[in-house]
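Novice: One file is attached below, coords-v4.pdb, containing PDB, C-alpha atoms, pLDDT in the B column.
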```
MODEL        1
ATOM      1  CA  MET A   1      76.760 -40.315-150.591  1.00 79.00           C
ATOM      2  CA  GLU A   2      73.751 -41.910-148.920  1.00 89.00           C
ATOM      3  CA  SER A   3      71.420 -43.655-151.376  1.00 95.00           C
ATOM      4  CA  LEU A   4      68.940 -46.320-150.364  1.00 97.00           C
ATOM      5  CA  THR A   5      68.124 -47.057-154.020  1.00 97.00           C
ATOM      6  CA  GLU A   6      71.822 -47.853-154.549  1.00 97.00           C
ATOM      7  CA  ILE A   7      71.702 -50.279-151.589  1.00 98.00           C
ATOM      8  CA  LEU A   8      68.795 -52.061-153.273  1.00 98.00           C
ATOM      9  CA  LYS A   9      70.688 -52.174-156.576  1.00 98.00           C
ATOM     10  CA  ARG A  10      73.825 -53.521-154.844  1.00 98.00           C
ATOM     11  CA  LEU A  11      71.803 -56.314-153.227  1.00 98.00           C
ATOM     12  CA  HIS A  12      70.354 -57.186-156.628  1.00 98.00           C
ATOM     13  CA  ASP A  13      73.672 -56.984-158.503  1.00 98.00           C
ATOM     14  CA  GLY A  14      75.368 -59.017-155.777  1.00 98.00           C
ATOM     15  CA  LYS A  15      72.803 -61.803-156.319  1.00 98.00           C
ATOM     16  CA  VAL A  16      71.804 -61.671-152.649  1.00 98.00           C
ATOM     17  CA  GLU A  17      68.695 -63.747-151.900  1.00 98.00           C
ATOM     18  CA  PHE A  18      66.377 -61.294-150.160  1.00 98.00           C
ATOM     19  CA  SER A  19      62.944 -59.724-150.044  1.00 98.00           C
ATOM     20  CA  LEU A  20      62.419 -56.024-149.438  1.00 98.00           C
ATOM     21  CA  ILE A  21      60.384 -55.332-146.289  1.00 98.00           C
ATOM     22  CA  GLY A  22      59.904 -52.389-143.889  1.00 97.00           C
ATOM     23  CA  GLY A  23      59.771 -48.677-144.619  1.00 97.00           C
ATOM     24  CA  PHE A  24      61.399 -48.803-148.062  1.00 97.00           C
ATOM     25  CA  ALA A  25      58.864 -51.429-149.172  1.00 98.00           C
ATOM     26  CA  SER A  26      56.165 -49.114-147.810  1.00 98.00           C
ATOM     27  CA  ARG A  27      57.601 -46.273-149.898  1.00 97.00           C
ATOM     28  CA  HIS A  28      57.537 -48.564-152.940  1.00 97.00           C
ATOM     29  CA  TYR A  29      53.780 -48.984-152.440  1.00 98.00           C
ATOM     30  CA  GLY A  30      53.232 -45.232-151.992  1.00 97.00           C
ATOM     31  CA  VAL A  31      53.471 -44.478-148.254  1.00 97.00           C
ATOM     32  CA  THR A  32      54.658 -40.888-147.776  1.00 96.00           C
ATOM     33  CA  LEU A  33      56.775 -41.424-144.643  1.00 96.00           C
ATOM     34  CA  VAL A  34      60.514 -40.952-145.191  1.00 95.00           C
ATOM     35  CA  THR A  35      62.595 -43.947-144.185  1.00 95.00           C
ATOM     36  CA  GLU A  36      66.241 -43.876-143.195  1.00 94.00           C
ATOM     37  CA  ASP A  37      67.130 -47.482-143.872  1.00 96.00           C
ATOM     38  CA  VAL A  38      66.662 -50.469-146.129  1.00 97.00           C
ATOM     39  CA  ASP A  39      65.206 -53.495-144.354  1.00 97.00           C
ATOM     40  CA  VAL A  40      65.356 -56.871-146.017  1.00 98.00           C
ATOM     41  CA  CYS A  41      64.647 -60.427-145.005  1.00 98.00           C
ATOM     42  CA  ALA A  42      67.504 -62.550-146.326  1.00 98.00           C
ATOM     43  CA  ARG A  43      68.429 -66.207-146.441  1.00 98.00           C
ATOM     44  CA  PHE A  44      70.974 -66.668-143.652  1.00 97.00           C
ATOM     45  CA  THR A  45      73.216 -69.242-145.292  1.00 97.00           C
ATOM     46  CA  PRO A  46      77.008 -68.728-145.304  1.00 97.00           C
ATOM     47  CA  GLU A  47      76.900 -68.280-149.110  1.00 98.00           C
ATOM     48  CA  ASN A  48      74.255 -65.572-148.968  1.00 98.00           C
ATOM     49  CA  LEU A  49      75.917 -63.773-146.062  1.00 98.00           C
ATOM     50  CA  ARG A  50      79.153 -63.759-148.067  1.00 98.00           C
ATOM     51  CA  ARG A  51      77.233 -62.210-150.981  1.00 98.00           C
ATOM     52  CA  ILE A  52      76.050 -59.401-148.682  1.00 98.00           C
ATOM     53  CA  GLU A  53      79.615 -58.902-147.445  1.00 98.00           C
ATOM     54  CA  SER A  54      80.941 -58.773-150.983  1.00 98.00           C
ATOM     55  CA  ALA A  55      78.207 -56.408-152.244  1.00 98.00           C
ATOM     56  CA  PHE A  56      79.061 -53.764-149.624  1.00 98.00           C
ATOM     57  CA  LYS A  57      82.781 -54.386-149.048  1.00 97.00           C
ATOM     58  CA  GLU A  58      83.848 -51.099-150.649  1.00 97.00           C
ATOM     59  CA  PHE A  59      81.313 -49.086-148.619  1.00 97.00           C
ATOM     60  CA  HIS A  60      82.880 -49.626-145.179  1.00 97.00           C
ATOM     61  CA  PRO A  61      80.115 -51.756-143.634  1.00 97.00           C
ATOM     62  CA  ARG A  62      80.034 -51.845-139.834  1.00 96.00           C
ATOM     63  CA  HIS A  63      77.798 -53.579-137.297  1.00 96.00           C
ATOM     64  CA  ARG A  64      75.930 -50.433-136.320  1.00 95.00           C
ATOM     65  CA  LEU A  65      74.590 -51.765-133.019  1.00 94.00           C
ATOM     66  CA  THR A  66      77.972 -52.836-131.608  1.00 93.00           C
ATOM     67  CA  VAL A  67      79.481 -50.323-129.200  1.00 92.00           C
ATOM     68  CA  ASN A  68      82.756 -50.138-131.134  1.00 92.00           C
ATOM     69  CA  LYS A  69      81.029 -50.214-134.558  1.00 94.00           C
ATOM     70  CA  LEU A  70      82.896 -53.373-135.496  1.00 95.00           C
ATOM     71  CA  PRO A  71      83.622 -53.881-139.194  1.00 97.00           C
ATOM     72  CA  PHE A  72      81.388 -56.374-140.978  1.00 96.00           C
ATOM     73  CA  GLU A  73      83.945 -59.094-141.631  1.00 97.00           C
ATOM     74  CA  LEU A  74      82.537 -62.577-141.750  1.00 96.00           C
ATOM     75  CA  THR A  75      84.186 -65.703-140.428  1.00 96.00           C
ATOM     76  CA  ASP A  76      82.885 -69.250-140.835  1.00 96.00           C
ATOM     77  CA  GLU A  77      81.921 -69.220-137.172  1.00 95.00           C
ATOM     78  CA  LEU A  78      80.045 -65.914-137.446  1.00 95.00           C
ATOM     79  CA  CYS A  79      78.129 -67.194-140.470  1.00 95.00           C
ATOM     80  CA  GLN A  80      76.757 -69.999-138.298  1.00 95.00           C
ATOM     81  CA  VAL A  81      75.544 -67.834-135.429  1.00 95.00           C
ATOM     82  CA  LEU A  82      74.296 -64.578-136.959  1.00 95.00           C
ATOM     83  CA  LYS A  83      70.510 -64.186-136.906  1.00 95.00           C
ATOM     84  CA  ASN A  84      70.398 -60.562-138.064  1.00 95.00           C
ATOM     85  CA  VAL A  85      72.866 -58.115-139.579  1.00 96.00           C
ATOM     86  CA  TYR A  86      72.473 -54.422-138.764  1.00 95.00           C
ATOM     87  CA  LEU A  87      74.858 -52.441-140.940  1.00 96.00           C
ATOM     88  CA  ASN A  88      75.940 -48.873-141.362  1.00 95.00           C
ATOM     89  CA  THR A  89      77.534 -48.325-144.780  1.00 97.00           C
ATOM     90  CA  ASP A  90      78.627 -45.321-146.835  1.00 96.00           C
ATOM     91  CA  LEU A  91      75.398 -45.806-148.802  1.00 97.00           C
ATOM     92  CA  GLY A  92      73.218 -45.780-145.676  1.00 96.00           C
ATOM     93  CA  VAL A  93      71.765 -48.207-143.202  1.00 95.00           C
ATOM     94  CA  LEU A  94      70.976 -51.782-144.241  1.00 97.00           C
ATOM     95  CA  ASP A  95      69.260 -54.181-141.879  1.00 96.00           C
ATOM     96  CA  CYS A  96      69.136 -57.844-142.888  1.00 97.00           C
ATOM     97  CA  LEU A  97      66.821 -60.062-140.877  1.00 97.00           C
ATOM     98  CA  SER A  98      66.427 -63.823-140.939  1.00 97.00           C
ATOM     99  CA  GLN A  99      62.838 -63.608-139.624  1.00 97.00           C
ATOM    100  CA  VAL A 100      60.020 -61.084-139.856  1.00 97.00           C
ATOM    101  CA  ALA A 101      57.580 -60.507-136.996  1.00 95.00           C
ATOM    102  CA  GLY A 102      54.077 -61.624-137.908  1.00 96.00           C
ATOM    103  CA  ILE A 103      55.298 -63.544-140.984  1.00 98.00           C
ATOM    104  CA  GLY A 104      58.103 -65.987-140.132  1.00 98.00           C
ATOM    105  CA  ASP A 105      61.411 -67.065-141.632  1.00 98.00           C
ATOM    106  CA  PHE A 106      62.837 -66.301-145.094  1.00 98.00           C
ATOM    107  CA  GLU A 107      60.857 -69.081-146.787  1.00 98.00           C
ATOM    108  CA  ALA A 108      57.589 -67.784-145.270  1.00 98.00           C
ATOM    109  CA  VAL A 109      58.503 -64.233-146.324  1.00 98.00           C
ATOM    110  CA  LEU A 110      59.352 -65.362-149.846  1.00 98.00           C
ATOM    111  CA  GLN A 111      55.958 -67.047-150.176  1.00 98.00           C
ATOM    112  CA  LYS A 112      54.309 -63.737-149.334  1.00 98.00           C
ATOM    113  CA  SER A 113      56.521 -61.693-151.664  1.00 98.00           C
ATOM    114  CA  GLU A 114      56.237 -60.815-155.333  1.00 98.00           C
ATOM    115  CA  LEU A 115      58.926 -60.300-157.940  1.00 98.00           C
ATOM    116  CA  THR A 116      58.936 -56.577-158.751  1.00 97.00           C
ATOM    117  CA  GLU A 117      60.616 -54.761-161.629  1.00 97.00           C
ATOM    118  CA  PHE A 118      63.032 -51.915-160.937  1.00 97.00           C
ATOM    119  CA  PRO A 119      65.200 -50.076-163.494  1.00 96.00           C
ATOM    120  CA  PHE A 120      68.198 -52.290-162.621  1.00 97.00           C
ATOM    121  CA  GLY A 121      66.307 -55.614-162.577  1.00 97.00           C
ATOM    122  CA  SER A 122      63.780 -57.454-160.467  1.00 97.00           C
ATOM    123  CA  CYS A 123      63.701 -58.054-156.713  1.00 97.00           C
ATOM    124  CA  TYR A 124      61.273 -59.676-154.347  1.00 98.00           C
ATOM    125  CA  VAL A 125      59.134 -57.274-152.311  1.00 98.00           C
ATOM    126  CA  LEU A 126      56.865 -58.339-149.462  1.00 98.00           C
ATOM    127  CA  LYS A 127      53.240 -58.124-150.659  1.00 98.00           C
ATOM    128  CA  ILE A 128      51.197 -55.258-149.276  1.00 98.00           C
ATOM    129  CA  GLU A 129      48.891 -57.517-147.202  1.00 98.00           C
ATOM    130  CA  ALA A 130      51.899 -59.185-145.549  1.00 98.00           C
ATOM    131  CA  LEU A 131      53.618 -55.843-145.018  1.00 98.00           C
ATOM    132  CA  ILE A 132      50.523 -54.608-143.168  1.00 98.00           C
ATOM    133  CA  GLN A 133      50.571 -57.816-141.099  1.00 98.00           C
ATOM    134  CA  ALA A 134      54.285 -57.379-140.271  1.00 97.00           C
ATOM    135  CA  LYS A 135      53.943 -53.736-139.328  1.00 97.00           C
ATOM    136  CA  GLN A 136      50.921 -54.481-137.155  1.00 96.00           C
ATOM    137  CA  ALA A 137      52.949 -57.165-135.385  1.00 95.00           C
ATOM    138  CA  VAL A 138      55.740 -54.690-134.577  1.00 92.00           C
ATOM    139  CA  GLY A 139      53.204 -52.042-133.580  1.00 90.00           C
ATOM    140  CA  ARG A 140      55.410 -48.977-133.017  1.00 90.00           C
ATOM    141  CA  PRO A 141      53.632 -45.633-133.577  1.00 90.00           C
ATOM    142  CA  HIS A 142      55.313 -45.020-136.945  1.00 91.00           C
ATOM    143  CA  ASP A 143      54.528 -48.579-138.061  1.00 93.00           C
ATOM    144  CA  LEU A 144      50.854 -48.005-137.286  1.00 94.00           C
ATOM    145  CA  GLU A 145      50.964 -44.711-139.196  1.00 94.00           C
ATOM    146  CA  ALA A 146      52.351 -46.639-142.179  1.00 97.00           C
ATOM    147  CA  VAL A 147      49.643 -49.309-141.734  1.00 97.00           C
ATOM    148  CA  ARG A 148      46.950 -46.623-142.038  1.00 97.00           C
ATOM    149  CA  GLN A 149      48.421 -45.480-145.350  1.00 97.00           C
ATOM    150  CA  LEU A 150      49.037 -49.028-146.603  1.00 98.00           C
ATOM    151  CA  GLN A 151      45.388 -49.880-145.950  1.00 98.00           C
ATOM    152  CA  VAL A 152      44.337 -46.894-148.072  1.00 97.00           C
ATOM    153  CA  ILE A 153      46.697 -47.971-150.887  1.00 97.00           C
ATOM    154  CA  LYS A 154      45.446 -51.570-150.717  1.00 97.00           C
ATOM    155  CA  GLU A 155      41.848 -50.358-150.864  1.00 97.00           C
ATOM    156  CA  LYS A 156      42.633 -48.157-153.864  1.00 94.00           C
ATOM    157  CA  ASN A 157      44.433 -51.019-155.654  1.00 93.00           C
ATOM    158  CA  GLU A 158      41.397 -53.252-155.114  1.00 93.00           C
ATOM    159  CA  GLN A 159      39.047 -50.547-156.437  1.00 90.00           C
ATOM    160  CA  GLN A 160      41.200 -50.244-159.562  1.00 88.00           C
ATOM    161  CA  LYS A 161      41.089 -54.009-160.106  1.00 87.00           C
ATOM    162  CA  ASN A 162      37.253 -54.067-159.988  1.00 81.00           C
TER
ATOM    163  CA  MET B 163      36.236 -12.743-156.436  1.00 82.00           C
ATOM    164  CA  ILE B 164      37.141 -16.118-154.938  1.00 87.00           C
ATOM    165  CA  ASP B 165      34.135 -18.143-153.813  1.00 91.00           C
ATOM    166  CA  LYS B 166      33.869 -19.401-150.239  1.00 91.00           C
ATOM    167  CA  GLU B 167      34.504 -23.044-151.101  1.00 90.00           C
ATOM    168  CA  THR B 168      37.692 -22.320-153.071  1.00 89.00           C
ATOM    169  CA  LEU B 169      38.940 -20.094-150.259  1.00 89.00           C
ATOM    170  CA  ALA B 170      38.231 -22.857-147.740  1.00 88.00           C
ATOM    171  CA  GLN B 171      40.246 -25.296-149.881  1.00 87.00           C
ATOM    172  CA  MET B 172      43.081 -22.755-150.151  1.00 86.00           C
ATOM    173  CA  ASN B 173      43.027 -22.585-146.368  1.00 86.00           C
ATOM    174  CA  GLY B 174      43.351 -26.336-145.997  1.00 82.00           C
ATOM    175  CA  LYS B 175      39.900 -27.855-146.409  1.00 87.00           C
ATOM    176  CA  TYR B 176      40.343 -31.314-147.904  1.00 90.00           C
ATOM    177  CA  VAL B 177      37.859 -32.511-150.519  1.00 90.00           C
ATOM    178  CA  MET B 178      37.298 -36.231-150.232  1.00 91.00           C
ATOM    179  CA  PRO B 179      37.448 -37.957-153.654  1.00 90.00           C
ATOM    180  CA  PRO B 180      34.084 -39.450-154.670  1.00 91.00           C
ATOM    181  CA  ASP B 181      35.511 -42.999-154.670  1.00 90.00           C
ATOM    182  CA  ALA B 182      37.036 -42.700-151.156  1.00 93.00           C
ATOM    183  CA  GLY B 183      36.495 -45.989-149.341  1.00 95.00           C
ATOM    184  CA  PRO B 184      36.376 -46.757-145.598  1.00 96.00           C
ATOM    185  CA  ALA B 185      40.191 -47.017-145.251  1.00 96.00           C
ATOM    186  CA  TRP B 186      40.632 -43.686-147.028  1.00 95.00           C
ATOM    187  CA  ARG B 187      38.080 -42.013-144.722  1.00 95.00           C
ATOM    188  CA  ALA B 188      39.598 -43.616-141.610  1.00 95.00           C
ATOM    189  CA  ALA B 189      43.098 -42.410-142.563  1.00 95.00           C
ATOM    190  CA  TYR B 190      41.781 -38.899-143.167  1.00 94.00           C
ATOM    191  CA  GLU B 191      39.972 -38.924-139.805  1.00 92.00           C
ATOM    192  CA  ALA B 192      43.246 -40.081-138.160  1.00 92.00           C
ATOM    193  CA  GLY B 193      45.032 -37.022-139.551  1.00 91.00           C
ATOM    194  CA  VAL B 194      46.928 -38.457-142.528  1.00 92.00           C
ATOM    195  CA  ASP B 195      47.666 -35.781-145.171  1.00 92.00           C
ATOM    196  CA  MET B 196      45.654 -37.420-147.945  1.00 93.00           C
ATOM    197  CA  SER B 197      46.777 -34.902-150.524  1.00 92.00           C
ATOM    198  CA  LEU B 198      50.423 -36.013-150.077  1.00 92.00           C
ATOM    199  CA  LEU B 199      49.319 -39.627-150.347  1.00 95.00           C
ATOM    200  CA  GLU B 200      47.345 -38.888-153.530  1.00 93.00           C
ATOM    201  CA  ASP B 201      50.432 -37.246-155.068  1.00 93.00           C
ATOM    202  CA  SER B 202      52.613 -40.178-154.039  1.00 95.00           C
ATOM    203  CA  LEU B 203      50.250 -42.643-155.725  1.00 95.00           C
ATOM    204  CA  LYS B 204      50.497 -40.724-159.007  1.00 95.00           C
ATOM    205  CA  ARG B 205      54.228 -41.524-159.167  1.00 96.00           C
ATOM    206  CA  SER B 206      55.841 -44.790-160.198  1.00 97.00           C
ATOM    207  CA  SER B 207      57.382 -47.020-157.538  1.00 97.00           C
ATOM    208  CA  TRP B 208      60.913 -46.057-158.636  1.00 97.00           C
ATOM    209  CA  GLU B 209      60.061 -42.331-158.546  1.00 97.00           C
ATOM    210  CA  ARG B 210      58.847 -42.783-154.978  1.00 97.00           C
ATOM    211  CA  LEU B 211      62.068 -44.532-153.943  1.00 97.00           C
ATOM    212  CA  LEU B 212      64.184 -41.788-155.540  1.00 97.00           C
ATOM    213  CA  ALA B 213      62.031 -39.178-153.777  1.00 96.00           C
ATOM    214  CA  ASN B 214      62.898 -40.921-150.504  1.00 96.00           C
ATOM    215  CA  ASP B 215      66.616 -40.609-151.342  1.00 96.00           C
ATOM    216  CA  ARG B 216      66.176 -36.877-151.967  1.00 95.00           C
ATOM    217  CA  ALA B 217      64.137 -36.397-148.777  1.00 94.00           C
ATOM    218  CA  LEU B 218      66.775 -38.278-146.796  1.00 94.00           C
ATOM    219  CA  GLY B 219      69.458 -36.003-148.285  1.00 93.00           C
ATOM    220  CA  LEU B 220      67.479 -33.026-147.050  1.00 91.00           C
ATOM    221  CA  VAL B 221      67.120 -34.568-143.581  1.00 91.00           C
ATOM    222  CA  ARG B 222      70.901 -35.077-143.406  1.00 90.00           C
ATOM    223  CA  ALA B 223      71.559 -31.505-144.577  1.00 90.00           C
ATOM    224  CA  LEU B 224      69.253 -30.179-141.851  1.00 90.00           C
ATOM    225  CA  GLU B 225      70.950 -32.382-139.256  1.00 90.00           C
ATOM    226  CA  LYS B 226      74.321 -30.920-140.305  1.00 88.00           C
ATOM    227  CA  THR B 227      72.986 -27.366-140.057  1.00 90.00           C
ATOM    228  CA  LYS B 228      71.649 -28.086-136.573  1.00 83.00           C
ATOM    229  CA  ALA B 229      74.972 -29.566-135.482  1.00 84.00           C
ATOM    230  CA  ASN B 230      76.936 -26.480-136.624  1.00 79.00           C
TER
ENDMDL
END
```
Would you write out, as C-alpha cells, the structure that this file holds?
Specialist:
Amino acid sequence: MESLTEILKRLHDGKVEFSLIGGFASRHYGVTLVTEDVDVCARFTPENLRRIESAFKEFHPRHRLTVNKLPFELTDELCQVLKNVYLNTDLGVLDCLSQVAGIGDFEAVLQKSELTEFPFGSCYVLKIEALIQAKQAVGRPHDLEAVRQLQVIKEKNEQQKN
Amino acid sequence: MIDKETLAQMNGKYVMPPDAGPAWRAAYEAGVDMSLLEDSLKRSSWERLLANDRALGLVRALEKTKAN
C-alpha cells in the first residue's frame, strides 16, 4: 500500500543521511497541494546509498525513469557515478537528489535545514525560506502555486513570533 | 431569515481574517483557496502528512475507476 509517511519513516529508521525537500516538505509546512512523491536531498556516498538500498529492499525499488524499470541494485561502480536516484517502490515514489536547484549540494541543503520531530523520530527538513528559494528556482506552475502558499505560511509564522 | 452577508458567505464569499498580511492577500487575489489553507494550518505537521497519504489513496482509487 502506498504511504509517503512510511517512506519517511523507512529513511529515518534506515539511518539514511537526508533532508526532506519538495512537495512533502511543503505539506509539512501546511501547503494544501497533494504530492505524489517524497523528495529528499541525500549524501551521495557509497555508505549512504547502501542505506537507501537496504531501507527499501523489501519494497521492490526500481529506477522509475529507466525504460525497462531496472531494479535498484547497487554496485560499487554505480555508487561512484549516481548523481540522483529516482525510485518507484511499493510504498510510493522516492526521489533522492545530490543537489537542489537554488540551494546547492547536500552540505548546503543541510545548513538550510532544521531537525524536525515526527512520531517515529527526528529528520532534517529544508527550512521554509530555502524551500521557497528552491521552488522558485525550479519555477514550474505547481511549484509557483506552492510558493504562494509557503509565503503565506511564512508570513503567518512571523506574525505569531511577534 | 438569513442575512445577506451570511448568504454571500454560504455562496462562497471569503472573509479575509483581520490579521491577513500582504502575502495572504496576494495568494487570495491569485485564486488560492484560503479557507483550505487555514484548515491545513490548524493541523499538526504529522496530521498534514497523513492527510496527504489519504488524499493520494483517493487519487489512486479514482485512477483505477477511470481505467476500468
Novice: With chain B as the partner and 10 Å as the cut-off, tabulate the residues of chain A that qualify, each row holding the nearest pair of atoms and their distance in Å to one decimal, using all atoms listed in the file, sorted by chain and rising number, as JSON lines.
Specialist:
```
{"residue": "A:Met1", "atom": "CA", "partner": "B:Gly219", "partner_atom": "CA", "distance": 8.8}
{"residue": "A:Glu2", "atom": "CA", "partner": "B:Gly219", "partner_atom": "CA", "distance": 7.3}
{"residue": "A:Ser3", "atom": "CA", "partner": "B:Asp215", "partner_atom": "CA", "distance": 5.7}
{"residue": "A:Leu4", "atom": "CA", "partner": "B:Asp215", "partner_atom": "CA", "distance": 6.2}
{"residue": "A:Thr5", "atom": "CA", "partner": "B:Leu211", "partner_atom": "CA", "distance": 6.6}
{"residue": "A:Glu6", "atom": "CA", "partner": "B:Asp215", "partner_atom": "CA", "distance": 9.5}
{"residue": "A:Phe24", "atom": "CA", "partner": "B:Leu211", "partner_atom": "CA", "distance": 7.3}
{"residue": "A:Ala25", "atom": "CA", "partner": "B:Leu211", "partner_atom": "CA", "distance": 9.0}
{"residue": "A:Ser26", "atom": "CA", "partner": "B:Leu211", "partner_atom": "CA", "distance": 9.7}
{"residue": "A:Arg27", "atom": "CA", "partner": "B:Leu211", "partner_atom": "CA", "distance": 6.3}
{"residue": "A:His28", "atom": "CA", "partner": "B:Ser207", "partner_atom": "CA", "distance": 4.9}
{"residue": "A:Tyr29", "atom": "CA", "partner": "B:Ser207", "partner_atom": "CA", "distance": 6.5}
{"residue": "A:Gly30", "atom": "CA", "partner": "B:Leu203", "partner_atom": "CA", "distance": 5.4}
{"residue": "A:Val31", "atom": "CA", "partner": "B:Leu199", "partner_atom": "CA", "distance": 6.7}
{"residue": "A:Thr32", "atom": "CA", "partner": "B:Leu199", "partner_atom": "CA", "distance": 6.1}
{"residue": "A:Leu33", "atom": "CA", "partner": "B:Asn214", "partner_atom": "CA", "distance": 8.5}
{"residue": "A:Val34", "atom": "CA", "partner": "B:Asn214", "partner_atom": "CA", "distance": 5.8}
{"residue": "A:Thr35", "atom": "CA", "partner": "B:Asn214", "partner_atom": "CA", "distance": 7.0}
{"residue": "A:Glu36", "atom": "CA", "partner": "B:Leu218", "partner_atom": "CA", "distance": 6.7}
{"residue": "A:Asp37", "atom": "CA", "partner": "B:Leu218", "partner_atom": "CA", "distance": 9.7}
{"residue": "A:Gly92", "atom": "CA", "partner": "B:Leu218", "partner_atom": "CA", "distance": 10.0}
{"residue": "A:Thr116", "atom": "CA", "partner": "B:Ser207", "partner_atom": "CA", "distance": 9.8}
{"residue": "A:Glu117", "atom": "CA", "partner": "B:Trp208", "partner_atom": "CA", "distance": 9.2}
{"residue": "A:Phe118", "atom": "CA", "partner": "B:Trp208", "partner_atom": "CA", "distance": 6.6}
{"residue": "A:Pro119", "atom": "CA", "partner": "B:Trp208", "partner_atom": "CA", "distance": 7.6}
{"residue": "A:Glu145", "atom": "CA", "partner": "B:Val194", "partner_atom": "CA", "distance": 8.2}
{"residue": "A:Ala146", "atom": "CA", "partner": "B:Val194", "partner_atom": "CA", "distance": 9.8}
{"residue": "A:Val147", "atom": "CA", "partner": "B:Ala189", "partner_atom": "CA", "distance": 9.5}
{"residue": "A:Arg148", "atom": "CA", "partner": "B:Ala189", "partner_atom": "CA", "distance": 5.7}
{"residue": "A:Gln149", "atom": "CA", "partner": "B:Ala189", "partner_atom": "CA", "distance": 6.7}
{"residue": "A:Leu150", "atom": "CA", "partner": "B:Ala185", "partner_atom": "CA", "distance": 9.2}
{"residue": "A:Gln151", "atom": "CA", "partner": "B:Ala185", "partner_atom": "CA", "distance": 6.0}
{"residue": "A:Val152", "atom": "CA", "partner": "B:Trp186", "partner_atom": "CA", "distance": 5.0}
{"residue": "A:Ile153", "atom": "CA", "partner": "B:Leu203", "partner_atom": "CA", "distance": 8.0}
{"residue": "A:Lys154", "atom": "CA", "partner": "B:Ala185", "partner_atom": "CA", "distance": 8.8}
{"residue": "A:Glu155", "atom": "CA", "partner": "B:Ala185", "partner_atom": "CA", "distance": 6.7}
{"residue": "A:Lys156", "atom": "CA", "partner": "B:Gly183", "partner_atom": "CA", "distance": 7.9}
{"residue": "A:Gln159", "atom": "CA", "partner": "B:Asp181", "partner_atom": "CA", "distance": 8.5}
```
Novice: Could you check how far CA of Leu78 (chain A) sits from CA of Leu126 (chain A), in Å to one decimal?
Specialist: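 Computing the Euclidean distance for CA of Leu78 (chain A) and CA of Leu126 (chain A) yields 27.2 Å.
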Novice: Please report the interatomic distance between CA of Asp76 (chain A) and CA of Tyr124 (chain A) in Å with one decimal.
Specialist: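 Between these atoms lies a distance of 27.2 Å.
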Novice: When you draw a straight line from CA of Gly14 (chain A) to CA of Val40 (chain A), how long is it in Å?
Specialist: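 It comes out at 14.1 Å.
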Novice: Running the PyMOL selection byres ((chain A and resi 20) around 9) on this model by hand, what would come out? Give it as a ChimeraX atom specification.
Specialist: /A:8,18-19,21-22,24-25,38-42,113,123-126
Novice: Produce the centre coordinates and the three edge lengths, each in Å to one decimal, of the box along x, y and z that contains all listed atoms of region 91-104 of chain A with 3 Å added on each side, as AutoDock Vina command-line options.
Specialist:
```
--center_x 64.7 --center_y -55.9 --center_z -142.9 --size_x 27.3 --size_y 26.2 --size_z 17.8
```
Novice: Tell me which residues the PyMOL selection byres ((chain A and resi 80-85) around 10) grabs here, as a PyMOL selection string.
Specialist: chain A and resi 40-46+49+52+62-65+72+74-79+86-88+94-99
Novice: Using only C-alpha atoms, find the one residue out of A:Lys15, A:His60, A:Lys127, A:Lys69 that sits nearest to Asn48 (chain A).
Specialist: A:Lys15
Novice: Please determine, counting all atoms listed in the file, which residue among B:Ala223, B:Glu191, B:Ser197, B:Asp165 has the shortest atom-to-atom distance to Pro179 (chain B).
Specialist: B:Ser197
Novice: Starting from the incomplete input, reconstruct N, CA and C atoms of region 54-66 of chain A and write that as a compact mmCIF listing (two decimals), in the frame of the given file.
Specialist:
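part28.txt was written with the following content:
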```txt
# COMPACT_ATOMS: atom_id res chain seq x y z
N SER A 54 80.26 -59.15 -149.75
CA SER A 54 80.94 -58.77 -150.98
C SER A 54 80.27 -57.56 -151.65
N ALA A 55 78.94 -57.50 -151.59
CA ALA A 55 78.21 -56.41 -152.24
C ALA A 55 78.52 -55.05 -151.61
N PHE A 56 78.88 -55.05 -150.32
CA PHE A 56 79.06 -53.76 -149.62
C PHE A 56 80.49 -53.54 -149.12
N LYS A 57 81.39 -54.43 -149.54
CA LYS A 57 82.78 -54.39 -149.05
C LYS A 57 83.41 -53.00 -149.22
N GLU A 58 83.19 -52.39 -150.36
CA GLU A 58 83.85 -51.10 -150.65
C GLU A 58 83.16 -49.91 -149.97
N PHE A 59 82.06 -50.18 -149.25
CA PHE A 59 81.31 -49.09 -148.62
C PHE A 59 81.44 -49.09 -147.09
N HIS A 60 82.53 -49.64 -146.60
CA HIS A 60 82.88 -49.63 -145.18
C HIS A 60 81.73 -50.08 -144.26
N PRO A 61 81.22 -51.29 -144.48
CA PRO A 61 80.11 -51.76 -143.63
C PRO A 61 80.56 -52.04 -142.20
N ARG A 62 79.75 -51.62 -141.25
CA ARG A 62 80.03 -51.84 -139.83
C ARG A 62 78.77 -52.31 -139.13
N HIS A 63 78.94 -53.14 -138.11
CA HIS A 63 77.80 -53.58 -137.30
C HIS A 63 77.36 -52.36 -136.48
N ARG A 64 76.28 -51.73 -136.90
CA ARG A 64 75.93 -50.43 -136.32
C ARG A 64 75.47 -50.49 -134.86
N LEU A 65 75.07 -51.68 -134.40
CA LEU A 65 74.59 -51.76 -133.02
C LEU A 65 75.69 -52.16 -132.03
N THR A 66 76.87 -52.51 -132.53
CA THR A 66 77.97 -52.84 -131.61
C THR A 66 78.58 -51.53 -131.10
```
